[in-house]
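Participant: What follows is a single structure, and I will ask about it in a moment.
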Amino acid sequence: MEMDTYKLQKGNLGRFLQKLGEEFAVYAPVKSDGVVAFVELMPGQESALDFPRTHKPPKDVFYPQTEVMFGYDKDGMHSVEYKGKPIALFGTRPCDAKSFLLLERVFIDPKYEDPYWAARRNNALVFSLACNDPLPSCFCNWLDGGPFSNTGSDVLITDIGDAYLLEPISENGERFLSSADLLQISTGKDIEKAQNAKERAESSMGAPPKLDSLKASLDALWDSPLWDEVSSKCLGCAACTYSCPTCYCFDIQDESRRGKGVRIRLWDTCQFPPFTKEGSGHNPRPTQKHRLRQRFMHKFSYFVEKEGEFGCVGCGRCVSLCPVNIDIRGFINEVLKTAQGQ
Amino acid sequence: MRQMVKNVYMPIPLRVKKIWVESDDKTLRTFDLEFVNEADAFDYMPGQFCQLSIPGKGEAPFGIASSPTEKGFLRFTVNRVRVVTTALHYLEEGEVIGIRGPLGNCYPVEEFRGKNVVIVSGGFALTTLRSLAVYLCDPANRGDYGDITLIYGARRPGLMIYREELEEWEKKDDISVHLTIDEQVKGWDKLVGFVPTVTKEIAPSSEDAWVMLCGPPIMIQYTLPVLTELGFPPERIYTSLERRMKCGIGKCGRCNIGPKYVCLDGPVFSFAELEKIPEEI
């Protein structure tokens with residue numbers, strides 16, 4: 001059965017989010033000090049949906065940058081898992097929505113379920129905001145995504161001028177929209193506007209290169225001087241990994257005082273030397289070349305081998321935030337070209 | 001099977017039953033631990049590891065040195081290196097720590113059932129191979145395997161772990177034990193020489209035989225060619241790898257070698273597998 005699409009007048013956005021907040025803990029983009037970031041929306045707080053892309057991906061909504069795993073005292077250990085309302089993530093970009101599916105493969109694998117991820121992610125609703133104006137650094141269309149992709153979303157939102165078009169993608173999305181207040185059934189004209197926006201956005205991105213041979217090319221170029229070249233200017237600052245929606249590596253640390261304390265986990269990065277440094281002092285990835293290769297290989301070879309798809313959604317944050325302009329797209333093209341010439 | 005109910009990061013309480021110093025330089029201690037709640041006890045296989053956890057200090061992975069055929073305790077030998085291992089060394093008998101496990105894969109005891117087994121080890125890498133030797137020599141299993149040979153070397157007698165036990169094994173006829181030290185010292189009446197050299201001299205037959213090889217990287221580097229010369233193909237030479245780890249369950253993302261996670265796909269690998277993945281050891 002074809003599902004209805006809905007329309008929300010822009011003037012009603014605040015009230016709609018307030019309603020959403022009765023059932024859910026709502027995370028939405030909020031502008032503060034000129035920076036847009038996803039935060040839990042407090043009553044009366046306004047969301048800004050006119051942002052191109054947040055610096056920080058919304059992955060911390062389901063996977064906080066630091067979180068307490070459990071506390072302990074003289075009586076033993078006490079697990080600390082999320083027990084709040086189900087989460088509604090509102091206004092995430094399609095690339096970031098797709099990243100949750102990739103992260104899920106890691107956190108919920110066939111053998112071990114990560115309880116902290118599951119506690120936030122289960123029963124969550126993801127409202128994605130389609131990209132009418134992709135940025136020059138965006139390359140989601142290289143990776144089976146697109147500015148209007150609905151992968152990983154429960155509802156896809158399109159800005160059609162004076163209103164938002166809300167298209168249910170999952171059953172949960174449909175269930176919510178069909179009973180929500182403030183929505184109208186959209187008209188053929190609304191849908192046409194959204195369709196036009198989609199075509200404009202997609203055609204603005206240019207044709208993507210074919211990446212079918214990328215994994216094999218990277219595997220063949222393990223010892224290539226390409227790695228020396230690309231890593232020679234890398235500062236090892238890890239802006240790329242901290243801003244990456246699909247990076248998931250973490251550290252576990254204990255903090256304690258006078259017999260009680262907590263075990264916490266926090267985002268970590270393969271770009272810092274201590275990440276793999278062993279107790280003996282030996283480090284299997286001693287230079288920035290090794291560490292940069294790990295990042296690229298993980299996303300475009302190892303993840304493919306384990307999970308059957310690339311571990312990158314093409315959000316372009318690592319491209320735009322790199323202080324020395326390392327562009328992973330340029331490197332990918334270089335790899336494809338070099339492998340072809342071999 | 002996915003573990004649905006319990007939190008996979010939550011350590012289970014274990015009581016320190018017995019501790020002793022394992023090496024004369026006092027950097028190695030061995031711990032026998034028992035479950036505080038009998039219901040928590042888990043099954044495991046030789047080669048698997050656990051995360052030992054001291055609240056306030058952290059967690060670190062250690063290979064299980066006891067055999068599943070030994071009931072009532074879990075044994076670990078710990079080299080004192082940094083924060084967690086130092087805290088473990090300061091433990092006293094009766095104290096309670098945490099454990100997560102068993103983690104990782106095990107030595108391929110099913111694949112080499114009915115075959116001869118050669119165990120080659122050096123230094124304190126003997127831990128999970130002790131587990132294997134005890135497992136194979138258990139009366140319930142011994143009949144399932146052919147000859148069992150152990151070649152073990154340490155720099156000097158005082159660094160030889162499980163020494164009393166190994167000397168007991170020398171008297172048994174179900175395992176052939178060869179102990180060696182690097183240089184002759186007074187009172188030593190066994191072999192002298194590095195593990196690769198001694199392996200070459202003993203020359204265990206590769207016919208119908210599998211090798212489990214664990215030790216310092218330099219020992220592995222020089223022993224591999226000896227084994228190849230003796231006719232062991234890489235498919236029948238296994239080792240156990242170590243890497244810096246946090247979660248132990250394939251999520252924290254740091255123990256990979258190429259596409260393989262040491263914690264999930266290993267720690268036990270054949271050299272045939274290792275040849276296929278990029279070398280970043």
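Letters A, B, ... go to the chains of the structure tokens in the order shown; residues in each chain start at 1; ligands are counted from 1 in the same order.
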With 9 Å as the limit and counting only C-alpha atoms, what residues in chain B lie close to chain A? Please list them as a ChimeraX atom specification.
Facilitator: /B:1-4,6-11,13,55-59,81-82,243-247,249-255,258-260,278,280-281
Participant: Could you please take those selected residues and save N, CA and C atoms as an mmCIF file, in the first residue's frame?
Facilitator:
data_model
loop_
_atom_site.group_PDB
_atom_site.id
_atom_site.type_symbol
_atom_site.label_atom_id
_atom_site.label_comp_id
_atom_site.auth_asym_id
_atom_site.auth_seq_id
_atom_site.Cartn_x
_atom_site.Cartn_y
_atom_site.Cartn_z
ATOM 1 N N MET B 1 25.899 -17.756 19.478
ATOM 2 C CA MET B 1 24.724 -17.235 20.186
ATOM 3 C C MET B 1 25.035 -15.870 20.794
ATOM 4 N N ARG B 2 24.196 -14.926 20.544
ATOM 5 C CA ARG B 2 24.411 -13.609 21.128
ATOM 6 C C ARG B 2 24.039 -13.658 22.620
ATOM 7 N N GLN B 3 24.870 -12.976 23.413
ATOM 8 C CA GLN B 3 24.561 -12.935 24.837
ATOM 9 C C GLN B 3 23.569 -11.802 25.068
ATOM 10 N N MET B 4 22.295 -12.165 25.201
ATOM 11 C CA MET B 4 21.245 -11.153 25.235
ATOM 12 C C MET B 4 21.065 -10.526 26.610
ATOM 13 N N LYS B 6 23.032 -10.586 29.682
ATOM 14 C CA LYS B 6 23.975 -9.851 30.515
ATOM 15 C C LYS B 6 24.740 -8.788 29.731
ATOM 16 N N ASN B 7 25.157 -7.795 30.453
ATOM 17 C CA ASN B 7 25.952 -6.719 29.915
ATOM 18 C C ASN B 7 27.364 -7.254 29.656
ATOM 19 N N VAL B 8 27.760 -7.252 28.386
ATOM 20 C CA VAL B 8 29.026 -7.888 28.014
ATOM 21 C C VAL B 8 30.248 -7.143 28.540
ATOM 22 N N TYR B 9 30.044 -5.942 29.047
ATOM 23 C CA TYR B 9 31.184 -5.178 29.585
ATOM 24 C C TYR B 9 31.321 -5.325 31.100
ATOM 25 N N MET B 10 30.357 -6.003 31.680
ATOM 26 C CA MET B 10 30.282 -6.062 33.143
ATOM 27 C C MET B 10 31.108 -7.233 33.664
ATOM 28 N N PRO B 11 32.142 -6.957 34.449
ATOM 29 C CA PRO B 11 32.966 -8.060 34.962
ATOM 30 C C PRO B 11 32.205 -8.892 36.000
ATOM 31 N N PRO B 13 32.573 -11.245 39.454
ATOM 32 C CA PRO B 13 33.537 -11.271 40.563
ATOM 33 C C PRO B 13 34.274 -12.606 40.713
ATOM 34 N N PRO B 55 38.709 -2.621 39.610
ATOM 35 C CA PRO B 55 38.008 -1.333 39.621
ATOM 36 C C PRO B 55 38.951 -0.209 40.051
ATOM 37 N N GLY B 56 38.915 0.871 39.289
ATOM 38 C CA GLY B 56 39.770 2.000 39.603
ATOM 39 C C GLY B 56 41.087 1.969 38.855
ATOM 40 N N LYS B 57 41.493 0.790 38.381
ATOM 41 C CA LYS B 57 42.750 0.665 37.645
ATOM 42 C C LYS B 57 42.500 0.364 36.170
ATOM 43 N N GLY B 58 41.537 -0.505 35.915
ATOM 44 C CA GLY B 58 41.218 -0.825 34.528
ATOM 45 C C GLY B 58 41.225 -2.311 34.259
ATOM 46 N N GLU B 59 41.289 -2.615 32.966
ATOM 47 C CA GLU B 59 41.199 -4.003 32.504
ATOM 48 C C GLU B 59 42.362 -4.301 31.581
ATOM 49 N N VAL B 81 53.862 -4.883 33.949
ATOM 50 C CA VAL B 81 54.299 -3.898 32.960
ATOM 51 C C VAL B 81 53.852 -2.494 33.345
ATOM 52 N N ARG B 82 52.514 -2.307 33.421
ATOM 53 C CA ARG B 82 52.029 -0.968 33.700
ATOM 54 C C ARG B 82 50.954 -0.984 34.782
ATOM 55 N N ARG B 243 47.722 -8.102 21.189
ATOM 56 C CA ARG B 243 47.584 -6.726 20.722
ATOM 57 C C ARG B 243 47.033 -5.910 21.869
ATOM 58 N N ARG B 244 47.235 -4.602 21.800
ATOM 59 C CA ARG B 244 46.564 -3.751 22.775
ATOM 60 C C ARG B 244 45.059 -3.889 22.553
ATOM 61 N N MET B 245 44.322 -4.110 23.627
ATOM 62 C CA MET B 245 42.875 -4.322 23.529
ATOM 63 C C MET B 245 42.159 -3.529 24.594
ATOM 64 N N LYS B 246 40.933 -3.203 24.342
ATOM 65 C CA LYS B 246 40.094 -2.585 25.360
ATOM 66 C C LYS B 246 38.869 -3.456 25.609
ATOM 67 N N CYS B 247 38.039 -3.629 24.543
ATOM 68 C CA CYS B 247 36.758 -4.297 24.783
ATOM 69 C C CYS B 247 36.872 -5.820 24.759
ATOM 70 N N ILE B 249 35.793 -7.664 22.447
ATOM 71 C CA ILE B 249 34.637 -8.244 21.759
ATOM 72 C C ILE B 249 34.408 -7.593 20.384
ATOM 73 N N GLY B 250 35.477 -7.075 19.787
ATOM 74 C CA GLY B 250 35.385 -6.606 18.405
ATOM 75 C C GLY B 250 34.691 -5.280 18.195
ATOM 76 N N LYS B 251 34.644 -4.433 19.214
ATOM 77 C CA LYS B 251 33.941 -3.165 19.041
ATOM 78 C C LYS B 251 34.844 -1.939 19.192
ATOM 79 N N CYS B 252 35.848 -2.003 20.055
ATOM 80 C CA CYS B 252 36.634 -0.802 20.334
ATOM 81 C C CYS B 252 37.613 -0.489 19.208
ATOM 82 N N GLY B 253 37.850 -1.465 18.321
ATOM 83 C CA GLY B 253 38.497 -1.145 17.051
ATOM 84 C C GLY B 253 40.007 -1.019 17.038
ATOM 85 N N ARG B 254 40.736 -1.557 18.032
ATOM 86 C CA ARG B 254 42.180 -1.295 17.992
ATOM 87 C C ARG B 254 43.042 -2.519 17.782
ATOM 88 N N CYS B 255 42.523 -3.724 17.913
ATOM 89 C CA CYS B 255 43.419 -4.882 17.869
ATOM 90 C C CYS B 255 43.453 -5.541 16.494
ATOM 91 N N GLY B 258 45.047 -5.918 9.676
ATOM 92 C CA GLY B 258 44.245 -5.965 8.462
ATOM 93 C C GLY B 258 42.790 -6.138 8.867
ATOM 94 N N PRO B 259 42.055 -6.974 8.139
ATOM 95 C CA PRO B 259 40.627 -7.119 8.432
ATOM 96 C C PRO B 259 40.326 -8.021 9.632
ATOM 97 N N LYS B 260 41.339 -8.606 10.239
ATOM 98 C CA LYS B 260 41.093 -9.553 11.338
ATOM 99 C C LYS B 260 41.253 -8.877 12.699
ATOM 100 N N PRO B 278 47.828 -8.238 5.629
ATOM 101 C CA PRO B 278 48.995 -7.359 5.592
ATOM 102 C C PRO B 278 49.761 -7.393 6.905
ATOM 103 N N GLU B 280 51.511 -6.132 9.863
ATOM 104 C CA GLU B 280 51.635 -4.928 10.684
ATOM 105 C C GLU B 280 51.817 -5.406 12.116
ATOM 106 N N ILE B 281 52.752 -6.347 12.261
ATOM 107 C CA ILE B 281 52.946 -6.970 13.577
ATOM 108 C C ILE B 281 53.886 -6.069 14.384
#
Participant: Enumerate, as a PDB file with N, CA and C atoms, in the first residue's frame, the complete set of residues in stretch 22-103 of chain B that a backbone-based DSSP assignment places in strand (DSSP E).
Facilitator:
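Here's the written file states22.pdb:
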ATOM      1  N   LEU B  28      57.001 -11.856  37.113  1.00  0.00           N
ATOM      2  CA  LEU B  28      55.879 -12.726  36.763  1.00  0.00           C
ATOM      3  C   LEU B  28      55.256 -13.304  38.028  1.00  0.00           C
ATOM      4  N   ARG B  29      53.943 -13.191  38.096  1.00  0.00           N
ATOM      5  CA  ARG B  29      53.217 -13.832  39.176  1.00  0.00           C
ATOM      6  C   ARG B  29      52.103 -14.673  38.588  1.00  0.00           C
ATOM      7  N   THR B  30      51.800 -15.763  39.236  1.00  0.00           N
ATOM      8  CA  THR B  30      50.700 -16.609  38.783  1.00  0.00           C
ATOM      9  C   THR B  30      49.582 -16.547  39.813  1.00  0.00           C
ATOM     10  N   PHE B  31      48.357 -16.471  39.297  1.00  0.00           N
ATOM     11  CA  PHE B  31      47.162 -16.336  40.133  1.00  0.00           C
ATOM     12  C   PHE B  31      46.207 -17.484  39.865  1.00  0.00           C
ATOM     13  N   ASP B  32      45.765 -18.132  40.908  1.00  0.00           N
ATOM     14  CA  ASP B  32      44.628 -19.048  40.779  1.00  0.00           C
ATOM     15  C   ASP B  32      43.418 -18.318  41.342  1.00  0.00           C
ATOM     16  N   LEU B  33      42.375 -18.244  40.536  1.00  0.00           N
ATOM     17  CA  LEU B  33      41.186 -17.466  40.898  1.00  0.00           C
ATOM     18  C   LEU B  33      39.970 -18.377  40.932  1.00  0.00           C
ATOM     19  N   GLU B  34      39.040 -18.071  41.825  1.00  0.00           N
ATOM     20  CA  GLU B  34      37.799 -18.867  41.852  1.00  0.00           C
ATOM     21  C   GLU B  34      36.592 -17.941  41.800  1.00  0.00           C
ATOM     22  N   PHE B  35      35.523 -18.414  41.180  1.00  0.00           N
ATOM     23  CA  PHE B  35      34.320 -17.597  41.057  1.00  0.00           C
ATOM     24  C   PHE B  35      33.700 -17.375  42.435  1.00  0.00           C
ATOM     25  N   PHE B  49      41.167 -16.256  26.037  1.00  0.00           N
ATOM     26  CA  PHE B  49      41.681 -15.301  27.008  1.00  0.00           C
ATOM     27  C   PHE B  49      40.529 -14.642  27.760  1.00  0.00           C
ATOM     28  N   CYS B  50      40.879 -13.885  28.790  1.00  0.00           N
ATOM     29  CA  CYS B  50      39.885 -13.152  29.572  1.00  0.00           C
ATOM     30  C   CYS B  50      40.396 -11.743  29.821  1.00  0.00           C
ATOM     31  N   GLN B  51      39.483 -10.853  30.123  1.00  0.00           N
ATOM     32  CA  GLN B  51      39.847  -9.525  30.597  1.00  0.00           C
ATOM     33  C   GLN B  51      39.798  -9.565  32.115  1.00  0.00           C
ATOM     34  N   LEU B  52      40.921  -9.299  32.755  1.00  0.00           N
ATOM     35  CA  LEU B  52      40.932  -9.180  34.205  1.00  0.00           C
ATOM     36  C   LEU B  52      40.789  -7.710  34.548  1.00  0.00           C
ATOM     37  N   SER B  53      40.023  -7.448  35.571  1.00  0.00           N
ATOM     38  CA  SER B  53      39.557  -6.095  35.825  1.00  0.00           C
ATOM     39  C   SER B  53      39.754  -5.744  37.294  1.00  0.00           C
ATOM     40  N   ILE B  54      40.412  -4.615  37.531  1.00  0.00           N
ATOM     41  CA  ILE B  54      40.514  -4.106  38.900  1.00  0.00           C
ATOM     42  C   ILE B  54      39.857  -2.729  38.935  1.00  0.00           C
ATOM     43  N   GLY B  58      41.537  -0.505  35.915  1.00  0.00           N
ATOM     44  CA  GLY B  58      41.218  -0.825  34.528  1.00  0.00           C
ATOM     45  C   GLY B  58      41.225  -2.311  34.259  1.00  0.00           C
ATOM     46  N   GLU B  59      41.289  -2.615  32.966  1.00  0.00           N
ATOM     47  CA  GLU B  59      41.199  -4.003  32.504  1.00  0.00           C
ATOM     48  C   GLU B  59      42.362  -4.301  31.581  1.00  0.00           C
ATOM     49  N   ALA B  60      42.767  -5.563  31.524  1.00  0.00           N
ATOM     50  CA  ALA B  60      43.750  -5.978  30.524  1.00  0.00           C
ATOM     51  C   ALA B  60      43.507  -7.448  30.195  1.00  0.00           C
ATOM     52  N   PRO B  61      43.857  -7.828  28.942  1.00  0.00           N
ATOM     53  CA  PRO B  61      43.611  -9.212  28.520  1.00  0.00           C
ATOM     54  C   PRO B  61      44.754 -10.157  28.904  1.00  0.00           C
ATOM     55  N   PHE B  62      44.406 -11.354  29.318  1.00  0.00           N
ATOM     56  CA  PHE B  62      45.404 -12.374  29.655  1.00  0.00           C
ATOM     57  C   PHE B  62      44.919 -13.731  29.167  1.00  0.00           C
ATOM     58  N   GLY B  63      45.830 -14.503  28.589  1.00  0.00           N
ATOM     59  CA  GLY B  63      45.514 -15.866  28.167  1.00  0.00           C
ATOM     60  C   GLY B  63      45.269 -16.741  29.386  1.00  0.00           C
ATOM     61  N   LEU B  74      40.716 -20.775  37.869  1.00  0.00           N
ATOM     62  CA  LEU B  74      41.225 -20.256  36.601  1.00  0.00           C
ATOM     63  C   LEU B  74      42.619 -19.740  36.889  1.00  0.00           C
ATOM     64  N   ARG B  75      43.578 -20.074  36.026  1.00  0.00           N
ATOM     65  CA  ARG B  75      44.955 -19.652  36.298  1.00  0.00           C
ATOM     66  C   ARG B  75      45.418 -18.630  35.248  1.00  0.00           C
ATOM     67  N   PHE B  76      46.112 -17.601  35.723  1.00  0.00           N
ATOM     68  CA  PHE B  76      46.717 -16.600  34.838  1.00  0.00           C
ATOM     69  C   PHE B  76      48.123 -16.300  35.327  1.00  0.00           C
ATOM     70  N   THR B  77      49.027 -16.092  34.389  1.00  0.00           N
ATOM     71  CA  THR B  77      50.363 -15.623  34.755  1.00  0.00           C
ATOM     72  C   THR B  77      50.517 -14.221  34.191  1.00  0.00           C
ATOM     73  N   VAL B  78      50.886 -13.293  35.060  1.00  0.00           N
ATOM     74  CA  VAL B  78      50.859 -11.875  34.704  1.00  0.00           C
ATOM     75  C   VAL B  78      52.255 -11.276  34.785  1.00  0.00           C
ATOM     76  N   ASN B  79      52.672 -10.668  33.668  1.00  0.00           N
ATOM     77  CA  ASN B  79      53.938  -9.944  33.607  1.00  0.00           C
ATOM     78  C   ASN B  79      53.671  -8.513  34.058  1.00  0.00           C
ATOM     79  N   VAL B  96      38.935  -9.691  45.896  1.00  0.00           N
ATOM     80  CA  VAL B  96      38.020  -9.960  44.780  1.00  0.00           C
ATOM     81  C   VAL B  96      38.327  -9.014  43.624  1.00  0.00           C
ATOM     82  N   ILE B  97      38.456  -9.590  42.424  1.00  0.00           N
ATOM     83  CA  ILE B  97      38.645  -8.780  41.217  1.00  0.00           C
ATOM     84  C   ILE B  97      37.534  -9.132  40.230  1.00  0.00           C
ATOM     85  N   GLY B  98      37.604  -8.589  39.012  1.00  0.00           N
ATOM     86  CA  GLY B  98      36.563  -8.871  38.033  1.00  0.00           C
ATOM     87  C   GLY B  98      37.130  -9.613  36.827  1.00  0.00           C
ATOM     88  N   ILE B  99      36.266 -10.333  36.149  1.00  0.00           N
ATOM     89  CA  ILE B  99      36.707 -11.034  34.938  1.00  0.00           C
ATOM     90  C   ILE B  99      35.616 -10.972  33.884  1.00  0.00           C
ATOM     91  N   ARG B 100      36.037 -10.852  32.621  1.00  0.00           N
ATOM     92  CA  ARG B 100      35.112 -11.004  31.487  1.00  0.00           C
ATOM     93  C   ARG B 100      35.686 -12.071  30.581  1.00  0.00           C
ATOM     94  N   GLY B 101      34.847 -12.988  30.162  1.00  0.00           N
ATOM     95  CA  GLY B 101      35.349 -14.010  29.262  1.00  0.00           C
ATOM     96  C   GLY B 101      34.459 -15.217  29.270  1.00  0.00           C
ATOM     97  N   PRO B 102      34.884 -16.306  28.639  1.00  0.00           N
ATOM     98  CA  PRO B 102      36.124 -16.415  27.882  1.00  0.00           C
ATOM     99  C   PRO B 102      35.987 -15.715  26.537  1.00  0.00           C
ATOM    100  N   LEU B 103      37.076 -15.150  26.031  1.00  0.00           N
ATOM    101  CA  LEU B 103      37.042 -14.383  24.790  1.00  0.00           C
ATOM    102  C   LEU B 103      37.947 -15.030  23.740  1.00  0.00           C
TER     103      LEU B 103
END
Participant: List as a ChimeraX atom specification the protein and nucleic acid residues near A:Cys234, meaning an atom at most 9 Å away when only C-alpha atoms are counted, but skip any in the same chain fewer than 5 places from it.
Facilitator: /A:288-289,292,322-326
Participant: Skipping near chain neighbours, those fewer than 3 positions away, what residues fall within 9 Å of B:Thr127 using only C-alpha atoms, listed as a ChimeraX atom specification?
Facilitator: /B:47,63-66,75-77,124,130-132,161-162
Participant: Among stretch 88-209 of chain A, which residues carry a DSSP assignment of alpha helix (DSSP H), reported as a PyMOL selection string?
Facilitator: chain A and resi 94-107+115-121+171-179+188-203
Participant: I need the chosen residues saved as a short mmCIF file (atom, residue, chain, number, x, y, z; two decimals), in the first residue's frame, with C-alpha atoms.
Facilitator:
data_model
loop_
_atom_site.label_atom_id
_atom_site.label_comp_id
_atom_site.auth_asym_id
_atom_site.auth_seq_id
_atom_site.Cartn_x
_atom_site.Cartn_y
_atom_site.Cartn_z
CA PRO A 94 20.68 11.35 5.01
CA CYS A 95 24.41 10.49 5.15
CA ASP A 96 24.32 10.52 8.94
CA ALA A 97 21.10 8.49 9.01
CA LYS A 98 22.83 5.83 6.93
CA SER A 99 25.80 5.85 9.30
CA PHE A 100 23.62 4.44 12.08
CA LEU A 101 23.09 1.28 10.04
CA LEU A 102 26.85 0.88 9.63
CA LEU A 103 27.51 1.53 13.32
CA GLU A 104 24.78 -0.93 14.19
CA ARG A 105 26.67 -3.72 12.44
CA VAL A 106 29.52 -3.17 14.86
CA PHE A 107 27.58 -2.58 18.06
CA PRO A 115 23.92 -2.71 25.74
CA TYR A 116 24.65 1.03 25.80
CA TRP A 117 24.09 1.46 22.09
CA ALA A 118 20.99 -0.73 22.18
CA ALA A 119 19.44 1.17 25.09
CA ARG A 120 19.46 4.44 23.15
CA ARG A 121 18.95 3.12 19.67
CA GLU A 171 6.40 1.42 9.58
CA ASN A 172 7.36 3.22 12.76
CA GLY A 173 7.59 6.46 10.83
CA GLU A 174 4.17 5.90 9.28
CA ARG A 175 2.63 4.99 12.62
CA PHE A 176 3.92 8.19 14.15
CA LEU A 177 2.98 10.52 11.29
CA SER A 178 -0.50 9.11 10.80
CA SER A 179 -1.43 10.00 14.36
CA GLY A 188 0.37 16.61 -5.72
CA LYS A 189 1.91 20.05 -6.04
CA ASP A 190 3.87 19.63 -2.79
CA ILE A 191 5.19 16.29 -3.96
CA GLU A 192 6.17 17.81 -7.28
CA LYS A 193 8.12 20.56 -5.49
CA ALA A 194 9.99 17.93 -3.47
CA GLN A 195 10.66 15.93 -6.63
CA ASN A 196 12.11 19.01 -8.33
CA ALA A 197 14.31 19.74 -5.32
CA LYS A 198 15.56 16.16 -5.42
CA GLU A 199 16.43 16.29 -9.10
CA ARG A 200 18.21 19.63 -8.68
CA ALA A 201 20.22 18.37 -5.71
CA GLU A 202 21.20 15.12 -7.36
CA SER A 203 22.25 16.71 -10.62
#
Participant: Pick out the residues sitting within 10 Å of B:Gly158, and hand them over as a ChimeraX atom specification; count only C-alpha atoms, and ignore anything fewer than 3 positions along from it in its own chain.
Facilitator: /B:22-26,154-155,161,163,181
Participant: Residues within 9 Å of A:Gly11, please, as a list in words. Count only C-alpha atoms; anything in the same chain fewer than 4 positions from it doesn't count.
Facilitator: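 Once the adjacent positions are removed, what remains is Arg15, Asp162 and Ala163 of chain A.
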Participant: Have a look at A:Cys138, A:Val36, A:Ala124, A:Ile87 and name the one nearest to A:Lys56; count only C-alpha atoms.
Facilitator: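 Under the stated criterion, the closest residue is A:Val36.
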Participant: Restricting the calculation to only C-alpha atoms, which member of A:Val80, A:Leu226, A:Val39, A:Cys312 is positioned closest to A:Phe331?
Facilitator: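 Between A:Val80, A:Leu226, A:Val39, A:Cys312, the residue approaching A:Phe331 most closely is A:Leu226.
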Participant: Could you tell me how far atom CA of A:Pro245 lies from atom CA of A:Val35, in Å and to one decimal?
Facilitator: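 Spanning atom CA of A:Pro245 to atom CA of A:Val35 is a straight-line distance of 17.7 Å.
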Participant: May I have the residues within 8 Å of B:Ala125 as a PDB file with N, CA and C atoms, in the first residue's frame, using only C-alpha atoms and disregarding those fewer than 3 positions away in the same chain?
Facilitator:
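Result file is selection32.pdb:
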ATOM      1  N   SER B 121      57.665 -23.224  22.536  1.00  0.00           N
ATOM      2  CA  SER B 121      57.412 -21.973  23.248  1.00  0.00           C
ATOM      3  C   SER B 121      58.664 -21.429  23.908  1.00  0.00           C
ATOM      4  N   GLY B 122      58.614 -20.131  24.168  1.00  0.00           N
ATOM      5  CA  GLY B 122      59.735 -19.481  24.845  1.00  0.00           C
ATOM      6  C   GLY B 122      59.251 -18.416  25.797  1.00  0.00           C
ATOM      7  N   THR B 128      49.014 -20.123  27.624  1.00  0.00           N
ATOM      8  CA  THR B 128      47.870 -20.848  27.035  1.00  0.00           C
ATOM      9  C   THR B 128      48.323 -22.198  26.472  1.00  0.00           C
ATOM     10  N   LEU B 129      49.637 -22.338  26.231  1.00  0.00           N
ATOM     11  CA  LEU B 129      50.131 -23.638  25.762  1.00  0.00           C
ATOM     12  C   LEU B 129      50.217 -24.636  26.916  1.00  0.00           C
ATOM     13  N   CYS B 214      54.415 -20.373  20.217  1.00  0.00           N
ATOM     14  CA  CYS B 214      54.218 -19.065  20.866  1.00  0.00           C
ATOM     15  C   CYS B 214      55.484 -18.650  21.592  1.00  0.00           C
ATOM     16  N   GLY B 215      55.860 -17.411  21.388  1.00  0.00           N
ATOM     17  CA  GLY B 215      57.048 -16.916  22.069  1.00  0.00           C
ATOM     18  C   GLY B 215      57.340 -15.513  21.625  1.00  0.00           C
ATOM     19  N   PRO B 216      58.501 -14.985  22.033  1.00  0.00           N
ATOM     20  CA  PRO B 216      58.860 -13.641  21.604  1.00  0.00           C
ATOM     21  C   PRO B 216      59.017 -13.590  20.082  1.00  0.00           C
TER      22      PRO B 216
END
Participant: Using atom CA of B:Gly146 and atom CA of B:Gly114 as the two end points, give the distance in Å to one decimal.
Facilitator: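 It comes out at 5.8 Å.
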